[in-house]
>>> print(open('data_9.txt').read())   # compact mmCIF, N, CA and C atoms
# COMPACT_ATOMS: atom_id res chain seq x y z
N MET A 1 31.92 -58.03 7.14
CA MET A 1 32.31 -56.98 8.05
C MET A 1 33.32 -56.07 7.35
N LYS A 2 34.26 -56.65 6.66
CA LYS A 2 35.29 -55.87 5.98
C LYS A 2 34.67 -54.85 5.02
N PHE A 3 33.66 -55.28 4.29
CA PHE A 3 33.09 -54.42 3.27
C PHE A 3 32.23 -53.30 3.85
N ILE A 4 31.52 -53.56 4.93
CA ILE A 4 30.74 -52.48 5.53
C ILE A 4 31.66 -51.43 6.16
N LEU A 5 32.74 -51.88 6.76
CA LEU A 5 33.71 -50.92 7.31
C LEU A 5 34.36 -50.11 6.19
N GLN A 6 34.72 -50.77 5.12
CA GLN A 6 35.32 -50.08 3.97
C GLN A 6 34.34 -49.05 3.40
N GLU A 7 33.09 -49.42 3.28
CA GLU A 7 32.05 -48.52 2.77
C GLU A 7 31.91 -47.29 3.66
N LEU A 8 31.85 -47.51 4.96
CA LEU A 8 31.68 -46.39 5.89
C LEU A 8 32.89 -45.45 5.90
N VAL A 9 34.07 -46.01 5.72
CA VAL A 9 35.29 -45.20 5.76
C VAL A 9 35.51 -44.46 4.44
N THR A 10 35.32 -45.14 3.33
CA THR A 10 35.65 -44.53 2.04
C THR A 10 34.54 -43.65 1.49
N LYS A 11 33.31 -43.85 1.96
CA LYS A 11 32.18 -43.05 1.46
C LYS A 11 31.41 -42.43 2.62
N ALA A 12 32.15 -41.92 3.57
CA ALA A 12 31.55 -41.38 4.80
C ALA A 12 30.54 -40.28 4.51
N GLU A 13 30.75 -39.52 3.46
CA GLU A 13 29.82 -38.43 3.13
C GLU A 13 28.40 -38.96 2.84
N ASN A 14 28.31 -40.19 2.36
CA ASN A 14 27.00 -40.79 2.09
C ASN A 14 26.24 -41.14 3.37
N TYR A 15 26.96 -41.23 4.45
CA TYR A 15 26.37 -41.68 5.71
C TYR A 15 26.46 -40.64 6.82
N ASP A 16 26.75 -39.39 6.46
CA ASP A 16 26.90 -38.34 7.47
C ASP A 16 25.71 -38.21 8.39
N SER A 17 24.51 -38.21 7.84
CA SER A 17 23.33 -38.01 8.70
C SER A 17 23.15 -39.17 9.67
N ILE A 18 23.40 -40.37 9.23
CA ILE A 18 23.29 -41.54 10.11
C ILE A 18 24.37 -41.50 11.18
N LEU A 19 25.60 -41.30 10.74
CA LEU A 19 26.72 -41.35 11.68
C LEU A 19 26.74 -40.16 12.63
N SER A 20 26.12 -39.06 12.24
CA SER A 20 26.05 -37.89 13.11
C SER A 20 24.94 -38.00 14.16
N ASN A 21 23.93 -38.79 13.87
CA ASN A 21 22.77 -38.86 14.75
C ASN A 21 22.62 -40.16 15.53
N TYR A 22 23.40 -41.16 15.18
CA TYR A 22 23.26 -42.46 15.82
C TYR A 22 24.62 -43.02 16.21
N VAL A 23 24.60 -43.90 17.18
CA VAL A 23 25.79 -44.67 17.51
C VAL A 23 25.65 -46.00 16.79
N VAL A 24 26.60 -46.30 15.93
CA VAL A 24 26.57 -47.54 15.17
C VAL A 24 27.55 -48.52 15.82
N LYS A 25 27.02 -49.67 16.21
CA LYS A 25 27.87 -50.70 16.82
C LYS A 25 27.81 -51.93 15.94
N LEU A 26 28.95 -52.34 15.43
CA LEU A 26 29.03 -53.50 14.55
C LEU A 26 29.51 -54.70 15.34
N VAL A 27 28.80 -55.78 15.22
CA VAL A 27 29.14 -57.02 15.93
C VAL A 27 29.44 -58.08 14.88
N PRO A 28 30.69 -58.50 14.76
CA PRO A 28 31.03 -59.45 13.70
C PRO A 28 30.39 -60.82 13.87
N MET A 29 30.44 -61.38 15.06
CA MET A 29 29.85 -62.70 15.29
C MET A 29 29.78 -62.94 16.79
N ILE A 30 28.62 -63.34 17.25
CA ILE A 30 28.51 -63.62 18.70
C ILE A 30 28.47 -65.11 18.97
N ASN A 31 28.55 -65.91 17.93
CA ASN A 31 28.38 -67.35 18.10
C ASN A 31 29.50 -68.16 17.42
N PRO A 32 30.75 -67.83 17.63
CA PRO A 32 31.82 -68.56 16.93
C PRO A 32 31.89 -70.04 17.31
N ASP A 33 31.59 -70.36 18.56
CA ASP A 33 31.65 -71.77 18.98
C ASP A 33 30.59 -72.60 18.27
N GLY A 34 29.39 -72.07 18.20
CA GLY A 34 28.31 -72.79 17.53
C GLY A 34 28.58 -72.93 16.04
N VAL A 35 29.07 -71.88 15.40
CA VAL A 35 29.35 -71.92 13.97
C VAL A 35 30.46 -72.93 13.68
N THR A 36 31.46 -72.99 14.54
CA THR A 36 32.54 -73.96 14.37
C THR A 36 31.99 -75.39 14.35
N MET A 37 30.93 -75.60 15.12
CA MET A 37 30.32 -76.93 15.19
C MET A 37 29.24 -77.12 14.12
N GLY A 38 29.08 -76.13 13.23
CA GLY A 38 28.10 -76.23 12.15
C GLY A 38 26.72 -75.71 12.48
N ASN A 39 26.60 -75.00 13.59
CA ASN A 39 25.31 -74.45 14.02
C ASN A 39 25.29 -72.94 13.80
N SER A 40 24.70 -72.47 12.73
CA SER A 40 24.71 -71.04 12.47
C SER A 40 23.78 -70.26 13.40
N ARG A 41 22.71 -70.87 13.87
CA ARG A 41 21.76 -70.20 14.76
C ARG A 41 21.88 -70.67 16.20
N SER A 42 22.50 -71.78 16.41
CA SER A 42 22.53 -72.39 17.74
C SER A 42 23.87 -72.19 18.43
N SER A 43 23.81 -72.17 19.74
CA SER A 43 25.04 -72.08 20.52
C SER A 43 25.76 -73.43 20.51
N LEU A 44 26.88 -73.47 21.16
CA LEU A 44 27.66 -74.71 21.23
C LEU A 44 26.85 -75.85 21.85
N VAL A 45 25.96 -75.51 22.78
CA VAL A 45 25.15 -76.54 23.42
C VAL A 45 23.83 -76.80 22.70
N GLY A 46 23.63 -76.19 21.54
CA GLY A 46 22.47 -76.48 20.72
C GLY A 46 21.24 -75.61 20.95
N LEU A 47 21.36 -74.55 21.72
CA LEU A 47 20.22 -73.65 21.96
C LEU A 47 20.10 -72.64 20.82
N ASP A 48 18.89 -72.45 20.31
CA ASP A 48 18.64 -71.48 19.25
C ASP A 48 18.72 -70.07 19.85
N LEU A 49 19.79 -69.37 19.55
CA LEU A 49 20.02 -68.06 20.15
C LEU A 49 19.01 -67.02 19.67
N ASN A 50 18.50 -67.16 18.48
CA ASN A 50 17.50 -66.22 17.99
C ASN A 50 16.23 -66.25 18.84
N ARG A 51 15.89 -67.41 19.35
CA ARG A 51 14.69 -67.56 20.18
C ARG A 51 14.92 -67.06 21.61
N ARG A 52 16.14 -66.82 21.98
CA ARG A 52 16.46 -66.41 23.35
C ARG A 52 16.72 -64.90 23.46
N TRP A 53 16.59 -64.17 22.36
CA TRP A 53 16.95 -62.75 22.33
C TRP A 53 16.15 -61.93 23.35
N ALA A 54 14.87 -62.17 23.47
CA ALA A 54 14.02 -61.35 24.34
C ALA A 54 14.41 -61.44 25.81
N GLU A 55 14.73 -62.63 26.28
CA GLU A 55 15.04 -62.82 27.70
C GLU A 55 16.22 -63.77 27.88
N PRO A 56 17.42 -63.33 27.55
CA PRO A 56 18.57 -64.21 27.72
C PRO A 56 18.97 -64.37 29.18
N ASN A 57 19.54 -65.50 29.49
CA ASN A 57 20.05 -65.80 30.82
C ASN A 57 21.57 -65.71 30.75
N ALA A 58 22.18 -65.01 31.69
CA ALA A 58 23.63 -64.80 31.65
C ALA A 58 24.41 -66.12 31.70
N SER A 59 23.88 -67.11 32.37
CA SER A 59 24.58 -68.40 32.49
C SER A 59 24.35 -69.31 31.28
N ILE A 60 23.15 -69.26 30.74
CA ILE A 60 22.80 -70.18 29.65
C ILE A 60 23.02 -69.57 28.27
N HIS A 61 22.82 -68.26 28.16
CA HIS A 61 22.95 -67.57 26.86
C HIS A 61 23.89 -66.37 27.01
N PRO A 62 25.13 -66.56 27.45
CA PRO A 62 26.01 -65.41 27.69
C PRO A 62 26.28 -64.58 26.44
N GLU A 63 26.25 -65.22 25.27
CA GLU A 63 26.51 -64.49 24.03
C GLU A 63 25.52 -63.35 23.86
N ILE A 64 24.26 -63.63 24.08
CA ILE A 64 23.20 -62.65 23.90
C ILE A 64 23.12 -61.70 25.10
N PHE A 65 23.20 -62.26 26.28
CA PHE A 65 23.07 -61.46 27.50
C PHE A 65 24.08 -60.31 27.52
N PHE A 66 25.34 -60.62 27.29
CA PHE A 66 26.37 -59.59 27.39
C PHE A 66 26.40 -58.68 26.17
N LEU A 67 26.03 -59.17 25.01
CA LEU A 67 25.91 -58.31 23.83
C LEU A 67 24.83 -57.26 24.08
N LYS A 68 23.68 -57.67 24.59
CA LYS A 68 22.61 -56.72 24.87
C LYS A 68 23.04 -55.68 25.90
N ARG A 69 23.80 -56.10 26.88
CA ARG A 69 24.30 -55.17 27.90
C ARG A 69 25.19 -54.10 27.25
N VAL A 70 26.09 -54.52 26.38
CA VAL A 70 26.98 -53.58 25.69
C VAL A 70 26.20 -52.65 24.77
N MET A 71 25.19 -53.19 24.10
CA MET A 71 24.39 -52.38 23.17
C MET A 71 23.61 -51.29 23.90
N GLN A 72 23.27 -51.51 25.16
CA GLN A 72 22.51 -50.52 25.92
C GLN A 72 23.38 -49.40 26.46
N GLN A 73 24.68 -49.55 26.40
CA GLN A 73 25.60 -48.52 26.90
C GLN A 73 25.69 -47.35 25.94
>>> encode(input="data_9.txt", output="structure tokens")
Amino acid sequence: MKFILQELVTKAENYDSILSNYVVKLVPMINPDGVTMGNSRSSLVGLDLNRRWAEPNASIHPEIFFLKRVMQQ
């Protein structure tokens, strides 16, 4: 995350067309609990979050559900 932010800030002229035409939203990590437990793809309760992207449930997959809500804004 540090390096992509540094790139965008220090070389903004390289990304003018992208940054002028799109909203870029950077998400550092949506699964810190799972990663802490050694699960890079799974939530704290062991659900594969990549498989739940299409239809997340707010109660069972809050990481994905609320991220998608923010991304649509």
>>> select_by_dssp(input="data_9.txt", residues="chain A", states="helix (DSSP H, G or I)", output="count of residues only")
38
>>> residues_around(input="data_9.txt", residues="range 49-54 of chain A", least_positions_apart="4", cutoff="8 Å", atoms="only N, CA and C atoms", output="PDB file with N, CA and C atoms, in the coordinates of the input")
ATOM      1  N   SER A  40      24.700 -72.470  12.730  1.00  0.00           N
ATOM      2  CA  SER A  40      24.710 -71.040  12.470  1.00  0.00           C
ATOM      3  C   SER A  40      23.780 -70.260  13.400  1.00  0.00           C
ATOM      4  N   ARG A  41      22.710 -70.870  13.870  1.00  0.00           N
ATOM      5  CA  ARG A  41      21.760 -70.200  14.760  1.00  0.00           C
ATOM      6  C   ARG A  41      21.880 -70.670  16.200  1.00  0.00           C
ATOM      7  N   SER A  42      22.500 -71.780  16.410  1.00  0.00           N
ATOM      8  CA  SER A  42      22.530 -72.390  17.740  1.00  0.00           C
ATOM      9  C   SER A  42      23.870 -72.190  18.430  1.00  0.00           C
ATOM     10  N   SER A  43      23.810 -72.170  19.740  1.00  0.00           N
ATOM     11  CA  SER A  43      25.040 -72.080  20.520  1.00  0.00           C
ATOM     12  C   SER A  43      25.760 -73.430  20.510  1.00  0.00           C
ATOM     13  N   HIS A  61      22.820 -68.260  28.160  1.00  0.00           N
ATOM     14  CA  HIS A  61      22.950 -67.570  26.860  1.00  0.00           C
ATOM     15  C   HIS A  61      23.890 -66.370  27.010  1.00  0.00           C
ATOM     16  N   ILE A  64      24.260 -63.630  24.080  1.00  0.00           N
ATOM     17  CA  ILE A  64      23.200 -62.650  23.900  1.00  0.00           C
ATOM     18  C   ILE A  64      23.120 -61.700  25.100  1.00  0.00           C
ATOM     19  N   PHE A  65      23.200 -62.260  26.280  1.00  0.00           N
ATOM     20  CA  PHE A  65      23.070 -61.460  27.500  1.00  0.00           C
ATOM     21  C   PHE A  65      24.080 -60.310  27.520  1.00  0.00           C
TER      22      PHE A  65
END
>>> atom_distance(input="data_9.txt", atom1="CA of Lys68 in chain A", atom2="CA of Ala12 in chain A")
26.8 Å
>>> atom_distance(input="data_9.txt", atom1="atom N of Thr36 in chain A", atom2="atom C of Phe3 in chain A")
22.4 Å
>>> atom_distance(input="data_9.txt", atom1="CA of Asp48 in chain A", atom2="CA of Val23 in chain A")
27.8 Å
>>> axis_aligned_box(input="data_9.txt", around="range 30-38 of chain A", padding_each_side="5 Å", output="JSON")
{"center_x": 29.6, "center_y": -70.2, "center_z": 15.6, "size_x": 15.8, "size_y": 23.8, "size_z": 16.8}
>>> closest_residue(input="data_9.txt", among="A:Ile30, A:Leu5, A:Val24, A:Leu47", to="Leu67 in chain A", atoms="only N, CA and C atoms")
A:Ile30
>>> closest_residue(input="data_9.txt", among="A:Met1, A:Gln72, A:Asp16, A:Glu63", to="Asn31 in chain A", atoms="all atoms listed in the file")
A:Glu63
>>> build_atoms(input="data_9.txt", residues="range 5-16 of chain A", atoms="all heavy atoms", output="mmCIF file, keeping the file's coordinate frame")
data_model
loop_
_atom_site.group_PDB
_atom_site.id
_atom_site.type_symbol
_atom_site.label_atom_id
_atom_site.label_comp_id
_atom_site.auth_asym_id
_atom_site.auth_seq_id
_atom_site.Cartn_x
_atom_site.Cartn_y
_atom_site.Cartn_z
ATOM 1 N N LEU A 5 32.740 -51.880 6.760
ATOM 2 C CA LEU A 5 33.710 -50.920 7.310
ATOM 3 C C LEU A 5 34.360 -50.110 6.190
ATOM 4 O O LEU A 5 34.519 -48.891 6.305
ATOM 5 C CB LEU A 5 34.784 -51.650 8.122
ATOM 6 C CG LEU A 5 34.312 -52.227 9.448
ATOM 7 C CD1 LEU A 5 35.391 -53.102 10.064
ATOM 8 C CD2 LEU A 5 33.904 -51.129 10.396
ATOM 9 N N GLN A 6 34.720 -50.770 5.120
ATOM 10 C CA GLN A 6 35.320 -50.080 3.970
ATOM 11 C C GLN A 6 34.340 -49.050 3.400
ATOM 12 O O GLN A 6 34.728 -47.937 3.084
ATOM 13 C CB GLN A 6 35.714 -51.100 2.911
ATOM 14 C CG GLN A 6 36.431 -50.500 1.737
ATOM 15 C CD GLN A 6 36.871 -51.567 0.743
ATOM 16 O OE1 GLN A 6 36.672 -52.764 0.964
ATOM 17 N NE2 GLN A 6 37.464 -51.142 -0.338
ATOM 18 N N GLU A 7 33.090 -49.420 3.280
ATOM 19 C CA GLU A 7 32.050 -48.520 2.770
ATOM 20 C C GLU A 7 31.910 -47.290 3.660
ATOM 21 O O GLU A 7 31.877 -46.160 3.180
ATOM 22 C CB GLU A 7 30.720 -49.266 2.674
ATOM 23 C CG GLU A 7 29.571 -48.435 2.219
ATOM 24 C CD GLU A 7 29.542 -48.165 0.725
ATOM 25 O OE1 GLU A 7 30.315 -48.771 -0.037
ATOM 26 O OE2 GLU A 7 28.713 -47.341 0.318
ATOM 27 N N LEU A 8 31.850 -47.510 4.960
ATOM 28 C CA LEU A 8 31.680 -46.390 5.890
ATOM 29 C C LEU A 8 32.890 -45.450 5.900
ATOM 30 O O LEU A 8 32.737 -44.241 6.054
ATOM 31 C CB LEU A 8 31.417 -46.910 7.298
ATOM 32 C CG LEU A 8 30.063 -47.589 7.518
ATOM 33 C CD1 LEU A 8 30.012 -48.230 8.896
ATOM 34 C CD2 LEU A 8 28.923 -46.609 7.327
ATOM 35 N N VAL A 9 34.070 -46.010 5.720
ATOM 36 C CA VAL A 9 35.290 -45.200 5.760
ATOM 37 C C VAL A 9 35.510 -44.460 4.440
ATOM 38 O O VAL A 9 35.839 -43.279 4.426
ATOM 39 C CB VAL A 9 36.509 -46.077 6.108
ATOM 40 C CG1 VAL A 9 37.806 -45.318 5.929
ATOM 41 C CG2 VAL A 9 36.384 -46.591 7.539
ATOM 42 N N THR A 10 35.320 -45.140 3.330
ATOM 43 C CA THR A 10 35.650 -44.530 2.040
ATOM 44 C C THR A 10 34.540 -43.650 1.490
ATOM 45 O O THR A 10 34.790 -42.791 0.639
ATOM 46 C CB THR A 10 35.998 -45.594 0.984
ATOM 47 O OG1 THR A 10 34.879 -46.459 0.803
ATOM 48 C CG2 THR A 10 37.223 -46.390 1.405
ATOM 49 N N LYS A 11 33.310 -43.850 1.960
ATOM 50 C CA LYS A 11 32.180 -43.050 1.460
ATOM 51 C C LYS A 11 31.410 -42.430 2.620
ATOM 52 O O LYS A 11 30.181 -42.399 2.632
ATOM 53 C CB LYS A 11 31.261 -43.931 0.623
ATOM 54 C CG LYS A 11 31.947 -44.529 -0.583
ATOM 55 C CD LYS A 11 31.034 -45.437 -1.341
ATOM 56 C CE LYS A 11 31.795 -46.093 -2.489
ATOM 57 N NZ LYS A 11 30.988 -47.127 -3.124
ATOM 58 N N ALA A 12 32.150 -41.920 3.570
ATOM 59 C CA ALA A 12 31.550 -41.380 4.800
ATOM 60 C C ALA A 12 30.540 -40.280 4.510
ATOM 61 O O ALA A 12 29.536 -40.160 5.224
ATOM 62 C CB ALA A 12 32.632 -40.857 5.728
ATOM 63 N N GLU A 13 30.750 -39.520 3.460
ATOM 64 C CA GLU A 13 29.820 -38.430 3.130
ATOM 65 C C GLU A 13 28.400 -38.960 2.840
ATOM 66 O O GLU A 13 27.426 -38.267 3.046
ATOM 67 C CB GLU A 13 30.327 -37.588 1.957
ATOM 68 C CG GLU A 13 30.416 -38.307 0.619
ATOM 69 C CD GLU A 13 31.654 -39.186 0.421
ATOM 70 O OE1 GLU A 13 32.529 -39.182 1.301
ATOM 71 O OE2 GLU A 13 31.720 -39.873 -0.606
ATOM 72 N N ASN A 14 28.310 -40.190 2.360
ATOM 73 C CA ASN A 14 27.000 -40.790 2.090
ATOM 74 C C ASN A 14 26.240 -41.140 3.370
ATOM 75 O O ASN A 14 25.032 -41.339 3.339
ATOM 76 C CB ASN A 14 27.139 -42.064 1.253
ATOM 77 C CG ASN A 14 27.669 -41.801 -0.135
ATOM 78 O OD1 ASN A 14 27.616 -40.691 -0.637
ATOM 79 N ND2 ASN A 14 28.189 -42.839 -0.758
ATOM 80 N N TYR A 15 26.960 -41.230 4.450
ATOM 81 C CA TYR A 15 26.370 -41.680 5.710
ATOM 82 C C TYR A 15 26.460 -40.640 6.820
ATOM 83 O O TYR A 15 26.256 -40.963 7.985
ATOM 84 C CB TYR A 15 27.055 -42.981 6.146
ATOM 85 C CG TYR A 15 27.025 -44.020 5.057
ATOM 86 C CD1 TYR A 15 28.150 -44.258 4.269
ATOM 87 C CD2 TYR A 15 25.861 -44.720 4.779
ATOM 88 C CE1 TYR A 15 28.106 -45.190 3.239
ATOM 89 C CE2 TYR A 15 25.818 -45.653 3.757
ATOM 90 C CZ TYR A 15 26.949 -45.869 2.994
ATOM 91 O OH TYR A 15 26.897 -46.793 1.976
ATOM 92 N N ASP A 16 26.750 -39.390 6.460
ATOM 93 C CA ASP A 16 26.900 -38.340 7.470
ATOM 94 C C ASP A 16 25.710 -38.210 8.390
ATOM 95 O O ASP A 16 25.870 -38.113 9.608
ATOM 96 C CB ASP A 16 27.167 -36.981 6.795
ATOM 97 C CG ASP A 16 28.627 -36.780 6.443
ATOM 98 O OD1 ASP A 16 29.466 -37.534 6.965
ATOM 99 O OD2 ASP A 16 28.915 -35.876 5.649
#
